[in-house]
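Have a look at upload_9.cif below; it lists mmCIF, C-alpha atoms.
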```
data_final
#
loop_
_atom_site.group_PDB
_atom_site.id
_atom_site.type_symbol
_atom_site.label_atom_id
_atom_site.label_comp_id
_atom_site.auth_asym_id
_atom_site.auth_seq_id
_atom_site.Cartn_x
_atom_site.Cartn_y
_atom_site.Cartn_z
ATOM 1 C CA MET A 162 64.292 121.826 100.305
ATOM 2 C CA VAL A 163 63.165 120.394 103.653
ATOM 3 C CA GLY A 164 63.440 116.863 102.253
ATOM 4 C CA ILE A 165 67.000 117.446 101.048
ATOM 5 C CA LEU A 166 67.995 118.943 104.413
ATOM 6 C CA SER A 167 66.440 116.008 106.264
ATOM 7 C CA ALA A 168 68.255 113.473 104.081
ATOM 8 C CA PHE A 169 71.530 115.305 104.634
ATOM 9 C CA LEU A 170 71.075 115.397 108.430
ATOM 10 C CA ILE A 171 70.141 111.705 108.535
ATOM 11 C CA GLY A 172 73.190 110.820 106.443
ATOM 12 C CA ARG A 173 75.486 112.798 108.718
ATOM 13 C CA PHE A 174 73.937 111.201 111.831
ATOM 14 C CA GLN A 175 74.502 107.711 110.363
ATOM 15 C CA ALA A 176 78.125 108.523 109.532
ATOM 16 C CA ILE A 177 78.836 109.896 113.034
ATOM 17 C CA LEU A 178 77.113 106.916 114.681
ATOM 18 C CA CYS A 179 79.087 104.467 112.532
ATOM 19 C CA ILE A 180 82.411 106.146 113.326
ATOM 20 C CA SER A 181 81.566 106.153 117.057
ATOM 21 C CA LEU A 182 80.733 102.448 117.023
ATOM 22 C CA VAL A 183 83.952 101.603 115.200
ATOM 23 C CA SER A 184 85.946 103.540 117.801
ATOM 24 C CA LEU A 185 84.346 101.310 120.443
ATOM 25 C CA GLY A 186 85.291 98.153 118.566
ATOM 26 C CA ILE A 187 81.755 97.484 117.323
ATOM 27 C CA ALA A 188 81.287 96.516 113.691
ATOM 28 C CA CYS A 189 79.227 98.928 111.651
ATOM 29 C CA GLN A 190 77.642 98.153 108.290
ATOM 30 C CA PRO A 191 76.777 101.294 106.315
ATOM 31 C CA SER A 192 73.368 101.432 104.636
ATOM 32 C CA GLN A 193 73.151 100.673 100.947
ATOM 33 C CA GLU A 194 72.685 104.378 100.249
ATOM 34 C CA THR A 195 75.942 105.217 102.036
ATOM 35 C CA ASP A 196 79.226 105.114 100.108
ATOM 36 C CA GLU A 197 81.484 103.151 102.497
ATOM 37 C CA TYR A 198 84.664 104.402 100.859
ATOM 38 C CA THR A 199 83.495 108.025 101.099
ATOM 39 C CA LEU A 200 82.712 107.575 104.806
ATOM 40 C CA LEU A 201 86.187 106.184 105.409
ATOM 41 C CA ALA A 202 87.758 109.054 103.494
ATOM 42 C CA GLU A 203 85.789 111.655 105.432
ATOM 43 C CA SER A 204 86.412 110.193 108.880
ATOM 44 C CA GLU A 205 90.047 109.199 108.476
ATOM 45 C CA SER A 206 91.200 112.249 106.543
ATOM 46 C CA LYS A 207 90.031 114.553 109.357
ATOM 47 C CA SER A 208 92.283 112.817 111.865
ATOM 48 C CA MET A 209 95.309 112.401 109.582
ATOM 49 C CA PRO A 210 98.130 114.924 109.001
ATOM 50 C CA GLU A 211 97.832 117.114 105.942
ATOM 51 C CA SER A 212 98.832 115.076 102.887
ATOM 52 C CA PRO A 213 100.536 116.746 99.898
ATOM 53 C CA ASN A 214 98.536 114.308 97.747
ATOM 54 C CA ARG A 215 95.185 114.979 99.426
ATOM 55 C CA SER A 216 93.500 116.659 96.449
ATOM 56 C CA LEU A 217 94.555 113.967 93.963
ATOM 57 C CA LEU A 218 93.689 111.101 96.307
ATOM 58 C CA ASN A 219 90.295 112.622 97.109
ATOM 59 C CA GLU A 220 89.653 112.819 93.371
ATOM 60 C CA ALA A 221 90.749 109.208 92.826
ATOM 61 C CA ASN A 222 88.676 107.987 95.782
ATOM 62 C CA SER A 223 85.561 109.800 94.583
ATOM 63 C CA LEU A 224 85.794 108.076 91.196
ATOM 64 C CA GLY A 225 85.850 104.659 92.889
ATOM 65 C CA LYS A 226 87.972 102.996 90.193
ATOM 66 C CA TRP A 227 90.816 101.544 92.257
ATOM 67 C CA PHE A 228 91.596 97.950 91.279
ATOM 68 C CA HIS A 229 93.917 95.215 92.537
ATOM 69 C CA ALA A 230 96.944 94.383 90.375
ATOM 70 C CA LYS A 231 100.133 92.354 90.668
ATOM 71 C CA LYS A 232 103.459 92.664 88.914
ATOM 72 C CA THR A 233 104.216 89.705 86.653
ATOM 73 C CA ARG A 234 107.571 90.527 85.063
ATOM 74 C CA PRO A 235 111.087 90.341 86.570
ATOM 75 C CA ILE A 236 113.193 93.389 87.357
ATOM 76 C CA TRP A 237 116.893 94.066 87.902
ATOM 77 C CA ALA A 238 118.203 95.946 90.924
ATOM 78 C CA LYS A 239 121.466 97.438 92.136
ATOM 79 C CA ARG A 240 122.315 98.767 95.619
ATOM 80 C CA LEU A 241 123.684 102.313 95.760
ATOM 81 C CA GLU A 242 126.640 102.991 98.040
ATOM 82 C CA VAL A 243 126.575 106.770 97.475
ATOM 83 C CA ALA A 244 123.733 109.216 96.855
ATOM 84 C CA GLN A 245 122.796 109.589 93.224
ATOM 85 C CA THR A 246 120.382 111.648 91.142
ATOM 86 C CA VAL A 247 118.581 109.483 88.609
ATOM 87 C CA THR A 248 116.252 110.334 85.742
ATOM 88 C CA THR A 249 113.030 108.340 85.759
ATOM 89 C CA LEU A 250 109.979 108.528 83.525
ATOM 90 C CA GLU A 251 108.361 110.696 86.183
ATOM 91 C CA GLY A 252 111.259 113.138 86.649
ATOM 92 C CA GLU A 253 114.615 113.439 88.421
ATOM 93 C CA GLU A 254 114.894 111.815 91.834
ATOM 94 C CA GLN A 255 117.567 111.832 94.535
ATOM 95 C CA VAL A 256 118.319 108.293 95.723
ATOM 96 C CA GLU A 257 119.981 107.848 99.101
ATOM 97 C CA PRO A 258 122.844 105.416 99.891
ATOM 98 C CA GLY A 259 121.604 101.952 100.830
ATOM 99 C CA HIS A 260 118.560 102.226 98.592
ATOM 100 C CA TYR A 261 118.258 100.312 95.341
ATOM 101 C CA LEU A 262 117.920 101.379 91.762
ATOM 102 C CA CYS A 263 115.466 99.122 89.964
ATOM 103 C CA LYS A 264 115.252 98.585 86.227
ATOM 104 C CA GLY A 265 112.438 97.037 84.209
ATOM 105 C CA GLU A 266 112.559 95.189 80.926
ATOM 106 C CA ALA A 267 111.929 98.428 79.046
ATOM 107 C CA GLU A 268 114.998 99.994 80.743
ATOM 108 C CA ASP A 269 112.764 102.161 82.951
ATOM 109 C CA ILE A 270 114.488 103.175 86.198
ATOM 110 C CA TRP A 271 113.040 103.835 89.642
ATOM 111 C CA PRO A 272 114.313 103.821 93.250
ATOM 112 C CA GLN A 273 113.173 101.450 95.983
ATOM 113 C CA THR A 274 114.133 100.751 99.566
ATOM 114 C CA GLU A 275 115.713 97.407 100.428
ATOM 115 C CA LYS A 276 112.721 96.565 102.634
ATOM 116 C CA ASP A 277 110.196 97.159 99.856
ATOM 117 C CA LEU A 278 112.324 95.373 97.298
ATOM 118 C CA ASN A 279 112.587 92.223 99.413
ATOM 119 C CA LYS A 280 108.902 92.420 100.314
ATOM 120 C CA ARG A 281 107.848 92.353 96.675
ATOM 121 C CA TYR A 282 110.590 90.391 94.912
ATOM 122 C CA THR A 283 112.861 87.377 95.334
ATOM 123 C CA ALA A 284 116.550 87.734 94.432
ATOM 124 C CA THR A 285 117.976 85.261 91.922
ATOM 125 C CA ASP A 286 121.585 84.262 91.245
ATOM 126 C CA GLU A 287 121.534 85.928 87.840
ATOM 127 C CA PHE A 288 123.641 89.082 87.328
ATOM 128 C CA THR A 289 124.347 91.251 84.310
ATOM 129 C CA ALA A 290 127.881 92.228 83.320
ATOM 130 C CA ASP A 291 127.449 95.588 85.087
ATOM 131 C CA ASP A 292 126.217 94.024 88.367
ATOM 132 C CA TRP A 293 122.455 94.376 88.057
ATOM 133 C CA ARG A 294 120.831 91.455 89.901
ATOM 134 C CA LYS A 295 117.668 89.812 88.612
ATOM 135 C CA TYR A 296 114.620 89.704 90.919
ATOM 136 C CA GLN A 297 111.382 87.785 90.377
ATOM 137 C CA PRO A 298 108.034 88.969 91.764
ATOM 138 C CA HIS A 299 106.923 87.046 94.857
ATOM 139 C CA PRO A 300 104.124 84.699 93.748
ATOM 140 C CA ASP A 301 102.351 85.375 97.042
ATOM 141 C CA ALA A 302 102.975 89.132 97.089
ATOM 142 C CA GLN A 303 99.871 91.182 97.847
ATOM 143 C CA GLY A 304 100.378 93.509 94.895
ATOM 144 C CA VAL A 305 99.084 97.060 94.603
ATOM 145 C CA MET A 306 95.942 99.093 94.184
ATOM 146 C CA ALA A 307 95.935 101.152 90.988
ATOM 147 C CA THR A 308 93.759 103.715 89.297
ATOM 148 C CA GLN A 309 94.203 105.526 85.995
ATOM 149 C CA ILE A 310 94.289 109.337 85.982
ATOM 150 C CA ASP A 311 93.018 111.050 82.820
ATOM 151 C CA HIS A 312 94.912 114.346 83.156
ATOM 152 C CA PRO A 313 98.458 115.538 83.965
ATOM 153 C CA PHE A 314 99.156 115.146 87.682
ATOM 154 C CA GLU A 315 101.889 115.266 90.310
ATOM 155 C CA VAL A 316 102.551 113.052 93.304
ATOM 156 C CA GLN A 317 104.795 113.606 96.305
ATOM 157 C CA ALA A 318 106.225 110.094 96.706
ATOM 158 C CA THR A 319 108.343 109.034 99.673
ATOM 159 C CA TRP A 320 111.456 109.579 97.543
ATOM 160 C CA GLY A 321 110.511 112.799 95.729
ATOM 161 C CA LYS A 322 108.048 114.590 93.461
ATOM 162 C CA LEU A 323 106.789 112.637 90.437
ATOM 163 C CA SER A 324 104.922 113.859 87.367
ATOM 164 C CA GLY A 325 102.335 111.798 85.527
ATOM 165 C CA LYS A 326 100.906 112.124 82.019
ATOM 166 C CA PRO A 327 97.223 111.741 81.112
ATOM 167 C CA GLY A 328 96.488 108.007 81.253
ATOM 168 C CA ASP A 329 99.287 107.110 83.682
ATOM 169 C CA PHE A 330 98.460 105.083 86.781
ATOM 170 C CA LEU A 331 98.456 106.150 90.417
ATOM 171 C CA LEU A 332 99.496 103.286 92.705
ATOM 172 C CA LYS A 333 99.428 102.514 96.426
ATOM 173 C CA ASN A 334 100.244 99.393 98.425
ATOM 174 C CA PHE A 335 97.531 96.744 98.649
ATOM 175 C CA SER A 336 97.788 97.002 102.430
ATOM 176 C CA ASP A 337 96.505 100.591 102.034
ATOM 177 C CA ARG A 338 93.459 99.510 100.021
ATOM 178 C CA VAL A 339 91.012 101.106 102.498
ATOM 179 C CA THR A 340 93.324 103.949 103.537
ATOM 180 C CA PRO A 341 92.057 107.131 101.833
ATOM 181 C CA LEU A 342 95.278 109.140 102.252
ATOM 182 C CA PRO A 343 98.244 106.724 102.337
ATOM 183 C CA GLU A 344 101.760 108.107 102.692
ATOM 184 C CA ASP A 345 103.259 105.756 100.099
ATOM 185 C CA VAL A 346 101.902 106.466 96.603
ATOM 186 C CA TRP A 347 103.653 106.583 93.255
ATOM 187 C CA ILE A 348 103.159 106.741 89.483
ATOM 188 C CA VAL A 349 103.642 104.116 86.775
ATOM 189 C CA ASP A 350 103.688 105.003 83.083
ATOM 190 C CA GLN A 351 100.589 103.592 81.379
ATOM 191 C CA THR A 352 102.522 101.577 78.775
ATOM 192 C CA LEU A 353 104.826 100.065 81.389
ATOM 193 C CA PHE A 354 101.888 99.303 83.660
ATOM 194 C CA ARG A 355 100.155 97.277 80.976
ATOM 195 C CA GLN A 356 103.398 95.462 80.138
ATOM 196 C CA THR A 357 104.346 94.528 83.695
ATOM 197 C CA TYR A 358 101.159 94.360 85.775
ATOM 198 C CA GLU A 359 98.131 92.087 85.651
ATOM 199 C CA SER A 360 94.731 92.979 87.049
ATOM 200 C CA VAL A 361 93.622 90.660 89.844
ATOM 201 C CA ALA A 362 90.169 91.946 90.696
ATOM 202 C CA PRO A 363 88.311 95.251 90.963
ATOM 203 C CA ILE A 364 87.990 96.859 94.371
ATOM 204 C CA GLU A 365 84.853 95.748 96.201
#
```
Please express what this file holds, its structure, as structure tokens.
Amino acid sequence: MVGILSAFLIGRFQAILCISLVSLGIACQPSQETDEYTLLAESESKSMPESPNRSLLNEANSLGKWFHAKKTRPIWAKRLEVAQTVTTLEGEEQVEPGHYLCKGEAEDIWPQTEKDLNKRYTATDEFTADDWRKYQPHPDAQGVMATQIDHPFEVQATWGKLSGKPGDFLLKNFSDRVTPLPEDVWIVDQTLFRQTYESVAPIE
């Protein structure tokens, strides 16, 4: 019992020391016995606002199965001039004027802001008869971090509440790869993920 308590106290002291050094701009390398991702989650989550996705993200982080992926297939997009409720694979979502509806090759629909669309895709000169414009993934786009969830789950995305099925993927921006509780997370159906994304490398 004493040994367990001592190990716990030493671990907590190392975590506090590491966080203090980082706050002073000094690099800190956790010991091999310390889970770096868990330390980040513990320290950052305490200082961040309450996240509606905290429980799910804590679960995903504890599993340590996030991996880097990039989209490989083109999409079609259309700008909305008036608000519209759309039905996606993850549920109904309210899309605001000025945002874009995006459509994949399997006719799956999802909303996206103009900023995110242009960050991830390049517009082409190809249009469909009903004014959907073709976009190709940026070859130098950073991609996303993804992890598969093995049970039904819900996510509060920036555009509304989404529902995932067992085996669907939880995604976040690659720029949030070491952010335990990012604001921007979403769901991709497992079949569509495998059809449109390609794994780049596992998270280190």
Explicit residue set for the PyMOL selection byres ((chain A and resi 218) around 10), as JSON, numbers by chain | {"A": [202, 212, 213, 214, 215, 216, 217, 219, 220, 221, 222, 223, 224, 316, 331, 341, 342, 343, 346]}
CA of Phe330 (chain A) to CA of Val349 (chain A), straight-line distance in Å =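 Going from CA of Val349 (chain A) over to CA of Phe330 (chain A) covers 5.3 Å.
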Result set, the PyMOL selection byres ((chain A and resi 328) around 12) on current file, as a PyMOL selection string | chain A and resi 307-314+324-327+329-331+348-355
Give me the residues within 8 Å of region 270-282 of chain A as a list in words, counting all atoms listed in the file and dropping any in the same chain fewer than 5 places off.
->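 Selected residues are Val247, Thr248, Thr249, Leu250, Val256, Gly259, His260, Tyr261, Leu262, Cys263, Lys264, Gly265, Tyr296, Gln297, Pro298, His299, Ala302, Gly304 and Trp320 of chain A.
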Could you please determine the separation between CA of Ala284 (chain A) and CA of Leu241 (chain A) in Å, to one decimal place?
->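 These atoms are spaced 16.3 Å apart.
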Box in all listed atoms of region 242-246 of chain A, axis-aligned, with 3 Å more on each side; write out centre and edge lengths in Å to one decimal as lines of an AutoDock Vina configuration file.
```
center_x = 123.5
center_y = 107.3
center_z = 94.6
size_x = 12.3
size_y = 14.7
size_z = 12.9
```
Distance in Å - CA of Met306 (chain A) versus CA of Val339 (chain A) |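 Answer for the CA of Met306 (chain A) to CA of Val339 (chain A) separation: 9.9 Å.
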Contacts of Val361 (chain A) within 10 Å, all atoms listed in the file, excl. fewer than 5 positions in-chain, as a PyMOL selection string | chain A and resi 228-231+304-306
Quick one: residues within 8 Å of Lys322 (chain A), only C-alpha atoms, excluding same-chain residues fewer than 5 positions away - as a PDB file with C-alpha atoms, keeping the file's coordinate frame?
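In the end it all went to result-v1.pdb:
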```
ATOM      1  CA  GLY A 252     111.259 113.138  86.649  1.00  0.00           C
ATOM      2  CA  GLU A 254     114.894 111.815  91.834  1.00  0.00           C
ATOM      3  CA  GLU A 315     101.889 115.266  90.310  1.00  0.00           C
ATOM      4  CA  VAL A 316     102.551 113.052  93.304  1.00  0.00           C
ATOM      5  CA  GLN A 317     104.795 113.606  96.305  1.00  0.00           C
TER       6      GLN A 317
END
```
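Take the candidates A:Lys232, A:Thr283, A:Gln303, A:Thr289 and check each one against Asn334 (chain A) using all atoms listed in the file; the shortest distance goes to A:Gln303.
Across A:Asp286, A:Glu242, A:Glu257, A:Glu266, the tightest approach to Gln356 (chain A) is made by A:Glu266 when counting only C-alpha atoms.
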Rebuild region 249-273 of chain A to N, CA and C atoms - output it as a PDB file, in the frame of the given file, please.
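Final output, saved to result_30.pdb:
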```
ATOM      1  N   THR A 249     114.065 109.339  85.972  1.00  0.00           N
ATOM      2  CA  THR A 249     113.030 108.340  85.759  1.00  0.00           C
ATOM      3  C   THR A 249     112.008 108.886  84.757  1.00  0.00           C
ATOM      4  N   LEU A 250     111.032 108.069  84.427  1.00  0.00           N
ATOM      5  CA  LEU A 250     109.979 108.528  83.525  1.00  0.00           C
ATOM      6  C   LEU A 250     109.134 109.625  84.155  1.00  0.00           C
ATOM      7  N   GLU A 251     109.185 109.714  85.471  1.00  0.00           N
ATOM      8  CA  GLU A 251     108.361 110.696  86.183  1.00  0.00           C
ATOM      9  C   GLU A 251     109.157 111.912  86.647  1.00  0.00           C
ATOM     10  N   GLY A 252     110.441 111.995  86.266  1.00  0.00           N
ATOM     11  CA  GLY A 252     111.259 113.138  86.649  1.00  0.00           C
ATOM     12  C   GLY A 252     112.540 112.728  87.351  1.00  0.00           C
ATOM     13  N   GLU A 253     113.357 113.718  87.728  1.00  0.00           N
ATOM     14  CA  GLU A 253     114.615 113.439  88.421  1.00  0.00           C
ATOM     15  C   GLU A 253     114.354 113.166  89.896  1.00  0.00           C
ATOM     16  N   GLU A 254     115.085 112.188  90.435  1.00  0.00           N
ATOM     17  CA  GLU A 254     114.894 111.815  91.834  1.00  0.00           C
ATOM     18  C   GLU A 254     116.251 111.594  92.492  1.00  0.00           C
ATOM     19  N   GLN A 255     116.361 112.025  93.736  1.00  0.00           N
ATOM     20  CA  GLN A 255     117.567 111.832  94.535  1.00  0.00           C
ATOM     21  C   GLN A 255     117.437 110.522  95.303  1.00  0.00           C
ATOM     22  N   VAL A 256     118.366 109.601  95.083  1.00  0.00           N
ATOM     23  CA  VAL A 256     118.319 108.293  95.723  1.00  0.00           C
ATOM     24  C   VAL A 256     119.428 108.218  96.771  1.00  0.00           C
ATOM     25  N   GLU A 257     119.055 107.853  97.987  1.00  0.00           N
ATOM     26  CA  GLU A 257     119.981 107.848  99.101  1.00  0.00           C
ATOM     27  C   GLU A 257     120.831 106.567  99.124  1.00  0.00           C
ATOM     28  N   PRO A 258     122.017 106.623  99.751  1.00  0.00           N
ATOM     29  CA  PRO A 258     122.844 105.416  99.891  1.00  0.00           C
ATOM     30  C   PRO A 258     122.090 104.320 100.639  1.00  0.00           C
ATOM     31  N   GLY A 259     122.289 103.079 100.210  1.00  0.00           N
ATOM     32  CA  GLY A 259     121.604 101.952 100.830  1.00  0.00           C
ATOM     33  C   GLY A 259     120.296 101.598 100.158  1.00  0.00           C
ATOM     34  N   HIS A 260     119.760 102.530  99.362  1.00  0.00           N
ATOM     35  CA  HIS A 260     118.560 102.226  98.592  1.00  0.00           C
ATOM     36  C   HIS A 260     118.964 101.534  97.288  1.00  0.00           C
ATOM     37  N   TYR A 261     117.987 101.034  96.582  1.00  0.00           N
ATOM     38  CA  TYR A 261     118.258 100.312  95.341  1.00  0.00           C
ATOM     39  C   TYR A 261     117.710 101.062  94.137  1.00  0.00           C
ATOM     40  N   LEU A 262     118.456 100.985  93.047  1.00  0.00           N
ATOM     41  CA  LEU A 262     117.920 101.379  91.762  1.00  0.00           C
ATOM     42  C   LEU A 262     117.327 100.134  91.142  1.00  0.00           C
ATOM     43  N   CYS A 263     116.122 100.250  90.622  1.00  0.00           N
ATOM     44  CA  CYS A 263     115.466  99.122  89.964  1.00  0.00           C
ATOM     45  C   CYS A 263     115.287  99.442  88.490  1.00  0.00           C
ATOM     46  N   LYS A 264     115.345  98.409  87.671  1.00  0.00           N
ATOM     47  CA  LYS A 264     115.252  98.585  86.227  1.00  0.00           C
ATOM     48  C   LYS A 264     114.327  97.520  85.654  1.00  0.00           C
ATOM     49  N   GLY A 265     113.359  97.960  84.848  1.00  0.00           N
ATOM     50  CA  GLY A 265     112.438  97.037  84.209  1.00  0.00           C
ATOM     51  C   GLY A 265     112.945  96.577  82.857  1.00  0.00           C
ATOM     52  N   GLU A 266     112.150  95.745  82.220  1.00  0.00           N
ATOM     53  CA  GLU A 266     112.559  95.189  80.926  1.00  0.00           C
ATOM     54  C   GLU A 266     112.603  96.237  79.826  1.00  0.00           C
ATOM     55  N   ALA A 267     111.904  97.354  80.034  1.00  0.00           N
ATOM     56  CA  ALA A 267     111.929  98.428  79.046  1.00  0.00           C
ATOM     57  C   ALA A 267     112.986  99.473  79.389  1.00  0.00           C
ATOM     58  N   GLU A 268     113.914  99.111  80.307  1.00  0.00           N
ATOM     59  CA  GLU A 268     114.998  99.994  80.743  1.00  0.00           C
ATOM     60  C   GLU A 268     114.496 101.180  81.565  1.00  0.00           C
ATOM     61  N   ASP A 269     113.276 101.117  82.066  1.00  0.00           N
ATOM     62  CA  ASP A 269     112.764 102.161  82.951  1.00  0.00           C
ATOM     63  C   ASP A 269     113.425 102.016  84.313  1.00  0.00           C
ATOM     64  N   ILE A 270     113.748 103.152  84.931  1.00  0.00           N
ATOM     65  CA  ILE A 270     114.488 103.175  86.198  1.00  0.00           C
ATOM     66  C   ILE A 270     113.620 103.791  87.292  1.00  0.00           C
ATOM     67  N   TRP A 271     113.701 103.223  88.486  1.00  0.00           N
ATOM     68  CA  TRP A 271     113.040 103.835  89.642  1.00  0.00           C
ATOM     69  C   TRP A 271     113.750 103.394  90.922  1.00  0.00           C
ATOM     70  N   PRO A 272     113.675 104.191  91.988  1.00  0.00           N
ATOM     71  CA  PRO A 272     114.313 103.821  93.250  1.00  0.00           C
ATOM     72  C   PRO A 272     113.379 103.001  94.129  1.00  0.00           C
ATOM     73  N   GLN A 273     113.971 102.253  95.064  1.00  0.00           N
ATOM     74  CA  GLN A 273     113.173 101.450  95.983  1.00  0.00           C
ATOM     75  C   GLN A 273     114.022 101.140  97.215  1.00  0.00           C
TER      76      GLN A 273
END
```
